[in-house]
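Peer 1: Pasting model.cif here (mmCIF, C-alpha atoms):
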```
data_query
#
loop_
_atom_site.label_atom_id
_atom_site.label_comp_id
_atom_site.auth_asym_id
_atom_site.auth_seq_id
_atom_site.Cartn_x
_atom_site.Cartn_y
_atom_site.Cartn_z
CA MET L 170 -215.81 -89.41 154.14
CA ALA L 171 -212.72 -91.52 153.35
CA TRP L 172 -209.96 -91.94 155.93
CA GLY L 173 -207.57 -89.71 153.98
CA GLY L 174 -210.15 -86.96 153.74
CA LEU L 175 -210.84 -87.11 157.48
CA VAL L 176 -207.15 -86.92 158.32
CA LEU L 177 -206.75 -83.95 155.99
CA ARG L 178 -209.72 -82.28 157.69
CA PHE L 179 -208.13 -83.04 161.08
CA LEU L 180 -204.87 -81.39 160.06
CA LEU L 181 -206.55 -78.41 158.40
CA GLU L 182 -208.68 -77.75 161.47
CA LEU L 183 -205.96 -78.21 164.09
CA VAL L 184 -202.69 -77.06 162.51
CA PRO L 185 -203.71 -73.49 161.49
CA PRO L 186 -204.95 -72.37 164.95
CA LEU L 187 -202.00 -74.11 166.61
CA GLY L 188 -199.58 -72.44 164.20
CA VAL L 189 -201.15 -68.98 164.57
CA GLY L 190 -201.11 -69.36 168.34
CA LEU L 191 -197.48 -70.49 168.27
CA LEU L 192 -196.42 -67.37 166.36
CA LEU L 193 -198.50 -65.10 168.59
CA GLY L 194 -197.08 -66.66 171.75
CA MET L 195 -193.51 -66.13 170.57
CA ARG L 196 -194.20 -62.56 169.40
CA PHE L 197 -196.49 -61.40 172.25
CA PRO L 198 -195.53 -63.27 175.45
CA GLY L 199 -198.16 -61.48 177.53
CA LEU L 200 -201.08 -62.40 175.28
CA PRO L 201 -201.79 -65.91 176.68
CA GLY L 202 -202.03 -64.52 180.20
CA ARG L 203 -204.62 -61.94 179.12
CA LEU L 204 -206.60 -64.34 176.94
CA ALA L 205 -206.72 -67.36 179.25
CA PRO L 206 -208.90 -65.98 182.12
CA PRO L 207 -211.94 -64.95 180.04
CA LEU L 208 -211.60 -68.08 177.92
CA ILE L 209 -211.53 -70.35 180.97
CA HIS L 210 -214.23 -68.54 182.96
CA TRP L 211 -216.67 -67.84 180.13
CA GLY L 212 -215.65 -69.36 176.80
CA ILE L 213 -215.11 -72.99 177.81
CA PRO L 214 -218.36 -73.31 179.83
CA PHE L 215 -220.24 -71.67 176.93
CA SER L 216 -218.81 -74.10 174.37
CA LEU L 217 -219.52 -77.11 176.61
CA VAL L 218 -223.15 -76.03 176.96
CA ALA L 219 -223.58 -75.83 173.19
CA LEU L 220 -221.84 -79.14 172.54
CA LEU L 221 -223.73 -80.99 175.26
CA LEU L 222 -227.08 -79.66 174.07
CA ARG L 223 -226.25 -80.73 170.52
CA ALA L 224 -225.03 -84.19 171.55
CA GLY L 225 -227.87 -84.85 174.01
CA PHE L 226 -227.80 -86.61 177.37
CA ARG L 227 -227.68 -90.41 177.29
CA ALA L 228 -226.86 -93.22 179.69
CA GLU L 229 -223.76 -94.06 177.66
CA LEU L 230 -222.22 -90.74 178.72
CA LEU L 231 -221.73 -92.28 182.15
CA THR L 232 -219.81 -95.14 180.56
CA ALA L 233 -217.48 -92.65 178.85
CA ALA L 234 -216.90 -90.89 182.18
CA LEU L 235 -216.14 -94.20 183.88
CA MET L 236 -213.67 -95.03 181.11
CA ALA L 237 -211.83 -91.80 181.91
CA ALA L 238 -211.61 -92.88 185.54
CA VAL L 239 -210.37 -96.31 184.47
CA ALA L 240 -207.76 -94.70 182.20
CA SER L 241 -206.39 -92.70 185.13
CA GLY L 242 -206.48 -95.77 187.38
CA LEU L 243 -204.65 -97.90 184.84
CA GLY L 244 -202.05 -95.19 184.39
CA LEU L 245 -201.44 -94.95 188.13
CA LEU L 246 -201.14 -98.73 188.41
CA LEU L 247 -198.65 -98.85 185.55
CA MET L 248 -196.56 -96.18 187.26
CA ARG L 249 -196.27 -98.50 190.28
CA LEU L 250 -194.52 -101.16 188.21
CA PRO L 251 -190.80 -101.16 189.10
CA ALA L 252 -189.65 -101.04 185.47
CA LEU L 253 -191.76 -97.95 184.69
CA GLY L 254 -191.11 -96.39 188.08
CA ARG L 255 -187.38 -96.41 187.40
CA ARG L 256 -187.83 -94.94 183.92
CA ILE L 257 -190.29 -92.25 185.05
CA PRO L 258 -189.40 -91.49 188.69
CA GLU L 259 -190.61 -87.87 188.64
CA GLY L 260 -194.21 -87.51 189.85
CA SER L 261 -194.97 -84.68 187.43
CA LEU L 262 -193.84 -86.79 184.46
CA GLN L 263 -195.93 -89.69 185.75
CA LEU L 264 -198.94 -87.39 185.79
CA GLY L 265 -198.03 -86.26 182.28
CA CYS L 266 -198.36 -89.89 181.12
CA ILE L 267 -201.91 -90.05 182.49
CA VAL L 268 -203.48 -86.64 181.98
CA GLY L 269 -204.23 -85.66 178.40
CA ASN L 270 -205.39 -82.38 176.89
CA THR L 271 -208.93 -83.71 176.54
CA GLY L 272 -210.50 -80.26 176.43
CA TYR L 273 -208.48 -77.90 174.23
CA TRP L 274 -207.19 -80.77 172.06
CA GLY L 275 -209.72 -83.58 172.49
CA LEU L 276 -212.79 -81.57 171.54
CA PRO L 277 -211.38 -80.25 168.23
CA VAL L 278 -210.20 -83.77 167.39
CA ALA L 279 -213.65 -85.21 168.09
CA LEU L 280 -215.34 -82.50 166.03
CA ALA L 281 -212.98 -83.17 163.12
CA LEU L 282 -213.00 -86.97 163.14
CA LEU L 283 -216.01 -88.34 165.00
CA PRO L 284 -219.73 -88.39 164.20
CA ALA L 285 -222.05 -86.07 166.10
CA GLU L 286 -223.28 -88.78 168.46
CA ALA L 287 -219.73 -89.29 169.77
CA ILE L 288 -219.24 -85.67 170.90
CA GLY L 289 -221.13 -86.28 174.13
CA PHE L 290 -218.81 -89.18 174.96
CA THR L 291 -215.81 -86.92 174.41
CA ILE L 292 -217.20 -84.28 176.75
CA ALA L 293 -218.11 -86.84 179.43
CA PHE L 294 -214.55 -88.23 179.28
CA ASP L 295 -213.15 -84.71 179.57
CA LEU L 296 -215.34 -83.86 182.58
CA MET L 297 -214.22 -86.91 184.53
CA ALA L 298 -210.59 -86.42 183.50
CA THR L 299 -210.77 -82.81 184.72
CA LEU L 300 -212.12 -83.90 188.10
CA ILE L 301 -209.38 -86.50 188.49
CA THR L 302 -206.62 -84.13 187.38
CA TRP L 303 -207.40 -81.44 189.92
CA SER L 304 -208.01 -83.91 192.76
CA LEU L 305 -205.22 -86.50 192.34
CA GLY L 306 -202.84 -84.31 190.35
CA PRO L 307 -201.57 -82.13 193.20
CA LEU L 308 -200.98 -85.24 195.34
CA LEU L 309 -198.87 -86.87 192.63
CA VAL L 310 -196.89 -83.76 191.68
CA ASP L 311 -196.36 -82.47 195.22
CA ARG L 312 -196.41 -85.04 198.01
CA ARG L 313 -196.96 -82.22 200.51
CA ALA L 314 -200.14 -81.07 198.78
CA SER L 315 -203.07 -80.71 201.13
CA GLY L 316 -206.24 -78.74 201.53
CA VAL L 317 -209.02 -81.11 200.49
CA ARG L 318 -211.62 -78.41 201.02
CA ARG L 319 -209.79 -76.06 198.69
CA GLN L 320 -209.46 -78.76 196.03
CA LEU L 321 -213.17 -79.62 196.25
CA LEU L 322 -214.05 -75.94 195.93
CA GLY L 323 -211.85 -75.68 192.85
CA LEU L 324 -213.56 -78.69 191.30
CA ALA L 325 -217.05 -77.36 192.02
CA THR L 326 -216.25 -74.02 190.38
CA SER L 327 -214.27 -75.45 187.45
CA PRO L 328 -215.31 -74.48 183.90
CA ALA L 329 -216.27 -78.08 183.15
CA MET L 330 -218.64 -78.32 186.11
CA ARG L 331 -220.20 -74.92 185.42
CA GLY L 332 -220.77 -75.82 181.79
CA LEU L 333 -222.30 -79.17 182.76
CA ALA L 334 -224.63 -77.60 185.32
CA LEU L 335 -225.88 -74.95 182.90
CA ALA L 336 -226.37 -77.52 180.13
CA VAL L 337 -228.45 -79.72 182.43
CA LEU L 338 -230.67 -76.76 183.33
CA LEU L 339 -231.14 -75.65 179.71
CA GLN L 340 -231.87 -79.22 178.63
CA GLN L 341 -235.06 -79.07 180.71
CA THR L 342 -236.37 -76.01 178.85
CA PRO L 343 -238.45 -76.09 175.64
CA TRP L 344 -235.73 -74.08 173.84
CA SER L 345 -232.91 -76.63 174.19
CA ALA L 346 -233.01 -77.77 170.54
CA ALA L 347 -233.07 -74.22 169.21
CA LEU L 348 -230.25 -73.16 171.53
CA ALA L 349 -228.15 -76.11 170.35
CA GLU L 350 -228.43 -74.83 166.77
CA TRP L 351 -227.91 -71.15 167.56
CA LEU L 352 -224.86 -71.73 169.76
CA TRP L 353 -223.07 -74.23 167.52
CA TRP L 354 -220.86 -71.89 165.49
CA PRO L 355 -220.01 -69.57 168.41
CA ALA L 356 -219.03 -72.68 170.38
CA TRP L 357 -216.83 -73.89 167.52
CA LEU L 358 -215.13 -70.46 167.47
CA VAL L 359 -214.38 -70.82 171.20
CA VAL L 360 -212.85 -74.25 170.54
CA LEU L 361 -210.57 -72.77 167.86
CA VAL L 362 -209.50 -69.96 170.21
CA ALA L 363 -208.76 -72.53 172.90
CA LEU L 364 -206.64 -74.49 170.44
CA ALA L 365 -204.81 -71.29 169.50
CA LEU L 366 -204.14 -70.75 173.22
CA VAL L 367 -202.41 -74.13 173.30
CA GLY L 368 -200.21 -72.89 170.45
CA MET L 369 -199.48 -69.67 172.36
CA ARG L 370 -198.38 -71.67 175.41
CA LEU L 371 -196.12 -73.77 173.21
CA GLY L 372 -194.69 -70.59 171.70
CA LEU L 373 -193.87 -69.32 175.18
CA MET L 374 -192.10 -72.59 175.98
CA LEU L 375 -189.97 -72.29 172.85
CA ARG L 376 -189.24 -68.65 173.64
CA ARG L 377 -188.13 -69.27 177.22
CA ARG L 378 -186.42 -72.65 177.03
CA PRO L 379 -182.64 -72.62 177.43
CA ALA L 380 -181.05 -74.90 174.83
CA GLY L 381 -179.98 -78.33 176.08
CA GLN L 382 -181.73 -78.06 179.45
CA VAL L 383 -183.60 -81.38 179.22
CA GLY L 384 -182.16 -84.58 177.77
CA GLY L 385 -184.27 -86.37 175.19
CA ASN L 386 -183.95 -89.74 176.97
CA VAL L 387 -185.93 -88.36 179.90
CA LEU L 388 -188.98 -87.88 177.69
CA VAL L 389 -188.99 -91.16 175.76
CA ALA L 390 -190.85 -93.26 178.32
CA PRO L 391 -193.47 -90.57 179.15
CA LEU L 392 -194.12 -89.96 175.44
CA VAL L 393 -194.53 -93.66 174.70
CA GLY L 394 -196.77 -94.07 177.72
CA LYS L 395 -199.02 -91.13 176.87
CA LEU L 396 -199.33 -91.48 173.10
CA LEU L 397 -199.18 -95.27 172.70
CA VAL L 398 -199.60 -97.32 175.89
CA LEU L 399 -202.58 -95.51 177.43
CA PRO L 400 -204.75 -95.41 174.25
CA ALA L 401 -203.81 -99.05 173.55
CA ALA L 402 -205.02 -99.99 177.03
CA MET L 403 -208.29 -98.14 176.40
CA LEU L 404 -208.72 -99.88 173.06
CA LEU L 405 -208.16 -103.28 174.65
CA LEU L 406 -210.60 -102.54 177.48
CA ALA L 407 -213.23 -101.18 175.08
CA GLY L 408 -212.97 -104.38 173.05
CA LEU L 409 -213.29 -106.57 176.14
CA LEU L 410 -216.39 -104.65 177.25
CA GLY L 411 -217.91 -104.71 173.78
CA LEU L 412 -218.46 -100.95 173.65
CA PRO L 413 -220.20 -99.43 170.61
CA SER L 414 -217.78 -98.15 167.98
CA ALA L 415 -218.65 -94.46 168.53
CA LEU L 416 -218.00 -94.76 172.27
CA ARG L 417 -214.84 -96.82 171.70
CA ASP L 418 -213.44 -94.31 169.21
CA ALA L 419 -214.18 -91.37 171.52
CA VAL L 420 -212.42 -92.83 174.57
CA VAL L 421 -209.41 -94.08 172.59
CA LEU L 422 -208.85 -90.73 170.87
CA GLN L 423 -209.25 -88.90 174.18
CA ALA L 424 -206.74 -91.24 175.80
CA ALA L 425 -204.37 -90.51 172.88
CA ALA L 426 -204.50 -86.74 173.52
CA PRO L 427 -201.12 -85.11 174.28
CA THR L 428 -200.12 -84.16 177.81
CA ALA L 429 -202.35 -81.47 179.27
CA LEU L 430 -201.20 -77.95 180.08
CA SER L 431 -202.69 -78.45 183.54
CA VAL L 432 -199.78 -80.79 184.38
CA LEU L 433 -197.35 -77.94 183.72
CA LEU L 434 -199.46 -75.57 185.83
CA LEU L 435 -199.51 -78.03 188.74
CA THR L 436 -195.76 -78.59 188.46
CA GLU L 437 -195.08 -74.85 188.45
CA ALA L 438 -197.35 -74.39 191.47
CA ALA L 439 -195.58 -77.17 193.36
CA GLY L 440 -192.19 -75.60 192.61
CA ALA L 441 -193.36 -72.15 193.65
CA GLY L 442 -194.56 -73.58 196.96
CA GLN L 443 -191.21 -75.05 197.94
CA ARG L 444 -189.32 -73.63 200.88
CA PRO L 445 -186.84 -72.22 200.13
CA SER L 446 -187.57 -71.05 196.60
CA PRO L 447 -187.24 -73.77 193.94
CA GLU L 448 -183.68 -74.64 193.00
CA ALA L 449 -182.28 -76.78 190.18
CA GLY L 450 -184.52 -79.80 190.87
CA GLY L 451 -187.70 -77.76 190.70
CA ARG L 452 -186.61 -75.93 187.56
CA GLN L 453 -185.68 -79.18 185.86
CA ALA L 454 -189.08 -80.70 186.70
CA VAL L 455 -190.89 -77.72 185.20
CA GLU L 456 -188.63 -77.77 182.15
CA ALA L 457 -189.14 -81.51 181.63
CA VAL L 458 -192.92 -81.20 181.81
CA ALA L 459 -192.89 -78.19 179.48
CA MET L 460 -190.97 -80.19 176.90
CA LEU L 461 -193.27 -83.18 177.41
CA VAL L 462 -196.26 -80.96 176.60
CA LEU L 463 -194.46 -79.53 173.58
CA TRP L 464 -193.26 -82.83 172.11
CA SER L 465 -196.43 -84.79 172.87
CA THR L 466 -198.51 -82.12 171.13
CA ALA L 467 -196.24 -82.14 168.07
CA LEU L 468 -196.13 -85.93 167.87
CA ALA L 469 -199.89 -86.21 168.40
CA LEU L 470 -200.39 -84.57 165.02
CA VAL L 471 -199.05 -87.87 163.64
CA SER L 472 -200.07 -90.41 166.30
CA VAL L 473 -203.74 -89.39 166.52
CA PRO L 474 -204.38 -89.86 162.76
CA LEU L 475 -202.66 -93.24 163.05
CA TRP L 476 -204.96 -94.24 165.91
CA TRP L 477 -207.91 -93.07 163.84
CA TRP L 478 -206.69 -95.17 160.93
CA LEU L 479 -206.59 -98.25 163.18
CA LEU L 480 -210.08 -97.51 164.54
CA SER L 481 -211.67 -96.85 161.17
CA GLY L 482 -209.70 -99.44 159.17
CA PRO L 483 -208.20 -102.63 160.61
CA LEU L 484 -210.15 -102.35 163.88
CA GLY L 485 -213.31 -100.80 162.49
CA SER L 486 -216.64 -102.52 163.00
#
```
Render the structure in this file as structure tokens.
Peer 2:
Amino acid sequence: MAWGGLVLRFLLELVPPLGVGLLLGMRFPGLPGRLAPPLIHWGIPFSLVALLLRAGFRAELLTAALMAAVASGLGLLLMRLPALGRRIPEGSLQLGCIVGNTGYWGLPVALALLPAEAIGFTIAFDLMATLITWSLGPLLVDRRASGVRRQLLGLATSPAMRGLALAVLLQQTPWSAALAEWLWWPAWLVVLVALALVGMRLGLMLRRRPAGQVGGNVLVAPLVGKLLVLPAAMLLLAGLLGLPSALRDAVVLQAAAPTALSVLLLTEAAGAGQRPSPEAGGRQAVEAVAMLVLWSTALALVSVPLWWWLLSGPLGS
């Protein structure tokens, strides 16, 4: 399929569920809270099982996972540079530059733009990114965060880990190929619902945000870092390592994903844990991250097709 056709497919597959979710979130503010628990506990593991069985297990999946770890490490190192540290002093915004929506956003993007053999790389990247987010994220957002045992328990019971464990077990059965075919369309439906949930969360942000609360200059550096600098670093590293084009495309597009909703959840949790109750600083941090999620998601509808154009055109193999 030509580049223009793939971009059109990308927009047609992502924009409608995002738009429907946006309208639902603004009209029914309680809907995301009721939909999220069953989706997280049952839907996401189910979809990961189907996608992993279809993609198959290969040694290159480990490379994709390691690239996710490298992406987070590079992001953290960049945040230590004085120039960036002054522009993005808030820990939650620093995390927003590093952690992308590799699950709810990255999977639909991969299904729309990448060949079937690249889906496994996308999932492996997402699994490692999830582990890093919920282990290092609380430490970056809230310097007082503790409870390693609690964090490890949360990681072990996360949807990504449960989906991976079940997929590994089913892969050993004689029915794995048949299950991969039977579960494909239900898994795709779950992905669309998850994408609609992102739209609902964005709708809630638009509904609740007081006008003029966050200055646009605050978001420029985090947006540039998340949508441009991090995927560019992944592209450069993939070229230096000589990664296959399917693996390179998967890790670059995952790195180009907009800021994850989990960053907002961690920021809200850190603010709620302050003593006394969060004042202006805490509210401003939550508001800034909410707007970073909103704007990065909107801009990614343009930046991700541009990255794909670079990968499939000037930089294509």
Peer 1: I want to know what sits within 9 Å of Leu422 (chain L), based on all atoms listed in the file, with residues of the same chain fewer than 3 positions away left out; could you give that as a VMD selection string?
Peer 2: chain L and resid 275 278 to 279 291 400 417 to 419 425 to 426 473 476 to 477
Peer 1: Go ahead and compute the interatomic distance for CA of Arg203 (chain L) and CA of Leu364 (chain L), in Å to one decimal.
Peer 2: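 Going from CA of Arg203 (chain L) over to CA of Leu364 (chain L) covers 15.4 Å.
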Peer 1: Identify, on the basis of all atoms listed in the file, every residue whose closest approach to region 339-345 of chain L does not exceed 12 Å; exclude the query and any residue fewer than 3 positions from it along the same chain; express the result as an MDAnalysis selection string.
Peer 2: chainID L and resid 215 218:226 332:336 348:352
Peer 1: Apply the PyMOL selection byres ((chain L and resi 401) around 12) to the structure shown and report the selected residues as a count of residues only.
Peer 2: 31
Peer 1: So how many Å separate CA of Phe290 (chain L) and CA of Cys266 (chain L), to one decimal?
Peer 2: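 Computing it gives 21.4 Å between the two atoms.
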Peer 1: Just how far from CA of Val471 (chain L) is CA of Met236 (chain L), in Å to one decimal?
Peer 2: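 It comes out at 23.9 Å.
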Peer 1: With only C-alpha atoms counted and 7 Å as the cut-off, give the residues of region 170-222 of chain L in contact with region 368-378 of chain L, each with its shortest interatomic distance in Å and the pair that gives it, as a tab-separated table.
Peer 2:
```
residue	atom	partner	partner_atom	distance
L:Leu187	CA	L:Gly368	CA	4.4
L:Gly188	CA	L:Gly368	CA	6.3
L:Gly190	CA	L:Gly368	CA	4.2
L:Leu191	CA	L:Gly368	CA	4.2
L:Leu192	CA	L:Gly372	CA	6.5
L:Leu193	CA	L:Met369	CA	6.0
L:Gly194	CA	L:Met369	CA	3.9
L:Met195	CA	L:Gly372	CA	4.7
L:Pro198	CA	L:Leu373	CA	6.3
L:Pro201	CA	L:Met369	CA	6.2
```
Peer 1: Write out the residues from the selection above, keeping C-alpha atoms, as a PDB file, in the coordinates of the input.
Peer 2:
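This went into out17.pdb:
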```
ATOM      1  CA  LEU L 187    -202.000 -74.110 166.610  1.00  0.00           C
ATOM      2  CA  GLY L 188    -199.580 -72.440 164.200  1.00  0.00           C
ATOM      3  CA  GLY L 190    -201.110 -69.360 168.340  1.00  0.00           C
ATOM      4  CA  LEU L 191    -197.480 -70.490 168.270  1.00  0.00           C
ATOM      5  CA  LEU L 192    -196.420 -67.370 166.360  1.00  0.00           C
ATOM      6  CA  LEU L 193    -198.500 -65.100 168.590  1.00  0.00           C
ATOM      7  CA  GLY L 194    -197.080 -66.660 171.750  1.00  0.00           C
ATOM      8  CA  MET L 195    -193.510 -66.130 170.570  1.00  0.00           C
ATOM      9  CA  PRO L 198    -195.530 -63.270 175.450  1.00  0.00           C
ATOM     10  CA  PRO L 201    -201.790 -65.910 176.680  1.00  0.00           C
TER      11      PRO L 201
END
```
Peer 1: Here is a test: counting only C-alpha atoms, which residue of L:Ala293, L:Val268, L:Ala281, L:Ala346 is nearest to Pro391 (chain L)?
Peer 2: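 Result for the nearest residue to Pro391 (chain L): L:Val268.
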Peer 1: Taking all atoms listed in the file into account, which of L:Ala429, L:Leu280, L:Val239, L:Leu208 comes nearest Arg178 (chain L)?
Peer 2: L:Leu280
Peer 1: Once the PyMOL selection byres ((chain L and resi 179) around 9) has been evaluated on this model, what residues remain selected, and can you format them as a CSV table (one decimal) with C-alpha atoms, in the frame of the given file?
Peer 2:
```csv
chain,number,residue,atom,x,y,z
L,174,GLY,CA,-210.2,-87.0,153.7
L,175,LEU,CA,-210.8,-87.1,157.5
L,176,VAL,CA,-207.2,-86.9,158.3
L,177,LEU,CA,-206.8,-84.0,156.0
L,178,ARG,CA,-209.7,-82.3,157.7
L,180,LEU,CA,-204.9,-81.4,160.1
L,181,LEU,CA,-206.6,-78.4,158.4
L,182,GLU,CA,-208.7,-77.8,161.5
L,183,LEU,CA,-206.0,-78.2,164.1
L,184,VAL,CA,-202.7,-77.1,162.5
L,277,PRO,CA,-211.4,-80.2,168.2
L,278,VAL,CA,-210.2,-83.8,167.4
L,280,LEU,CA,-215.3,-82.5,166.0
L,281,ALA,CA,-213.0,-83.2,163.1
L,282,LEU,CA,-213.0,-87.0,163.1
L,470,LEU,CA,-200.4,-84.6,165.0
L,474,PRO,CA,-204.4,-89.9,162.8
```
Peer 1: Once the PyMOL selection byres ((chain L and resi 386) around 12) is applied to the coordinates I shared, what remains selected? I want it as a PyMOL selection string.
Peer 2: chain L and resi 256-257+383-385+387-393+457+460-461
Peer 1: Between L:Val360, L:Met297, L:Val367, L:Ala228, which residue has the minimum interatomic distance to Ala467 (chain L), considering all atoms listed in the file?
Peer 2: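 Closest candidate: L:Val367.
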Peer 1: Calculated over only C-alpha atoms, which of the candidates L:Ala285, L:Leu296, L:Leu433, L:Leu475 has the smallest distance to Gln453 (chain L)?
Peer 2: L:Leu433
Peer 1: Which residue gives the smallest distance to Glu456 (chain L) among L:Leu434, L:Leu283, L:Ala298, L:Leu231, with all atoms listed in the file counted?
Peer 2: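 Distance minimum relative to Glu456 (chain L) lands on L:Leu434.
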Peer 1: For each of L:Gly482, L:Gly272, L:Gly265, L:Pro413, take the minimum atom-to-atom distance to Leu435 (chain L), counting only C-alpha atoms, then give the residue where this is smallest.
Peer 2: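 Of L:Gly482, L:Gly272, L:Gly265, L:Pro413, the one nearest Leu435 (chain L), counting only C-alpha atoms, is L:Gly265.
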Peer 1: Starting from the structure just given, write a file holding region 196-203 of chain L with all heavy atoms, as a PDB file, in the first residue's frame.
Peer 2:
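Dumped everything to part23.pdb:
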```
ATOM      1  N   ARG L 196     -19.798  14.285  27.454  1.00  0.00           N
ATOM      2  CA  ARG L 196     -21.235  14.170  27.728  1.00  0.00           C
ATOM      3  C   ARG L 196     -21.520  13.324  28.962  1.00  0.00           C
ATOM      4  O   ARG L 196     -22.429  13.619  29.736  1.00  0.00           O
ATOM      5  CB  ARG L 196     -21.932  13.558  26.501  1.00  0.00           C
ATOM      6  CG  ARG L 196     -23.421  13.332  26.681  1.00  0.00           C
ATOM      7  CD  ARG L 196     -24.167  14.642  26.847  1.00  0.00           C
ATOM      8  NE  ARG L 196     -25.596  14.449  26.980  1.00  0.00           N
ATOM      9  CZ  ARG L 196     -26.211  14.133  28.125  1.00  0.00           C
ATOM     10  NH1 ARG L 196     -25.499  14.014  29.233  1.00  0.00           N
ATOM     11  NH2 ARG L 196     -27.518  13.982  28.158  1.00  0.00           N
ATOM     12  N   PHE L 197     -20.735  12.254  29.170  1.00  0.00           N
ATOM     13  CA  PHE L 197     -20.954  11.335  30.298  1.00  0.00           C
ATOM     14  C   PHE L 197     -19.661  11.226  31.107  1.00  0.00           C
ATOM     15  O   PHE L 197     -18.857  10.306  30.884  1.00  0.00           O
ATOM     16  CB  PHE L 197     -21.386   9.956  29.792  1.00  0.00           C
ATOM     17  CG  PHE L 197     -22.593   9.974  28.899  1.00  0.00           C
ATOM     18  CD1 PHE L 197     -22.467   9.848  27.519  1.00  0.00           C
ATOM     19  CD2 PHE L 197     -23.865  10.119  29.441  1.00  0.00           C
ATOM     20  CE1 PHE L 197     -23.578   9.863  26.694  1.00  0.00           C
ATOM     21  CE2 PHE L 197     -24.988  10.141  28.623  1.00  0.00           C
ATOM     22  CZ  PHE L 197     -24.846  10.019  27.247  1.00  0.00           C
ATOM     23  N   PRO L 198     -19.410  12.133  32.030  1.00  0.00           N
ATOM     24  CA  PRO L 198     -18.127  12.156  32.744  1.00  0.00           C
ATOM     25  C   PRO L 198     -17.862  10.915  33.589  1.00  0.00           C
ATOM     26  O   PRO L 198     -16.710  10.610  33.895  1.00  0.00           O
ATOM     27  CB  PRO L 198     -18.237  13.408  33.624  1.00  0.00           C
ATOM     28  CG  PRO L 198     -19.703  13.693  33.724  1.00  0.00           C
ATOM     29  CD  PRO L 198     -20.298  13.236  32.430  1.00  0.00           C
ATOM     30  N   GLY L 199     -18.894  10.182  33.962  1.00  0.00           N
ATOM     31  CA  GLY L 199     -18.676   8.991  34.775  1.00  0.00           C
ATOM     32  C   GLY L 199     -18.372   7.738  33.971  1.00  0.00           C
ATOM     33  O   GLY L 199     -17.968   6.711  34.531  1.00  0.00           O
ATOM     34  N   LEU L 200     -18.535   7.807  32.655  1.00  0.00           N
ATOM     35  CA  LEU L 200     -18.359   6.618  31.818  1.00  0.00           C
ATOM     36  C   LEU L 200     -16.936   6.072  31.826  1.00  0.00           C
ATOM     37  O   LEU L 200     -16.746   4.849  31.954  1.00  0.00           O
ATOM     38  CB  LEU L 200     -18.811   6.925  30.390  1.00  0.00           C
ATOM     39  CG  LEU L 200     -18.752   5.764  29.391  1.00  0.00           C
ATOM     40  CD1 LEU L 200     -19.619   4.603  29.865  1.00  0.00           C
ATOM     41  CD2 LEU L 200     -19.190   6.234  27.999  1.00  0.00           C
ATOM     42  N   PRO L 201     -15.892   6.912  31.696  1.00  0.00           N
ATOM     43  CA  PRO L 201     -14.526   6.354  31.708  1.00  0.00           C
ATOM     44  C   PRO L 201     -14.213   5.590  32.983  1.00  0.00           C
ATOM     45  O   PRO L 201     -13.546   4.545  32.933  1.00  0.00           O
ATOM     46  CB  PRO L 201     -13.640   7.600  31.572  1.00  0.00           C
ATOM     47  CG  PRO L 201     -14.498   8.603  30.909  1.00  0.00           C
ATOM     48  CD  PRO L 201     -15.887   8.353  31.421  1.00  0.00           C
ATOM     49  N   GLY L 202     -14.690   6.079  34.121  1.00  0.00           N
ATOM     50  CA  GLY L 202     -14.426   5.392  35.377  1.00  0.00           C
ATOM     51  C   GLY L 202     -15.080   4.020  35.450  1.00  0.00           C
ATOM     52  O   GLY L 202     -14.553   3.098  36.081  1.00  0.00           O
ATOM     53  N   ARG L 203     -16.253   3.870  34.799  1.00  0.00           N
ATOM     54  CA  ARG L 203     -16.916   2.561  34.797  1.00  0.00           C
ATOM     55  C   ARG L 203     -16.321   1.629  33.750  1.00  0.00           C
ATOM     56  O   ARG L 203     -16.294   0.408  33.941  1.00  0.00           O
ATOM     57  CB  ARG L 203     -18.414   2.741  34.538  1.00  0.00           C
ATOM     58  CG  ARG L 203     -19.149   3.459  35.662  1.00  0.00           C
ATOM     59  CD  ARG L 203     -20.647   3.314  35.515  1.00  0.00           C
ATOM     60  NE  ARG L 203     -21.139   3.965  34.304  1.00  0.00           N
ATOM     61  CZ  ARG L 203     -21.535   5.230  34.242  1.00  0.00           C
ATOM     62  NH1 ARG L 203     -21.466   5.989  35.329  1.00  0.00           N
ATOM     63  NH2 ARG L 203     -21.978   5.751  33.117  1.00  0.00           N
TER      64      ARG L 203
END
```
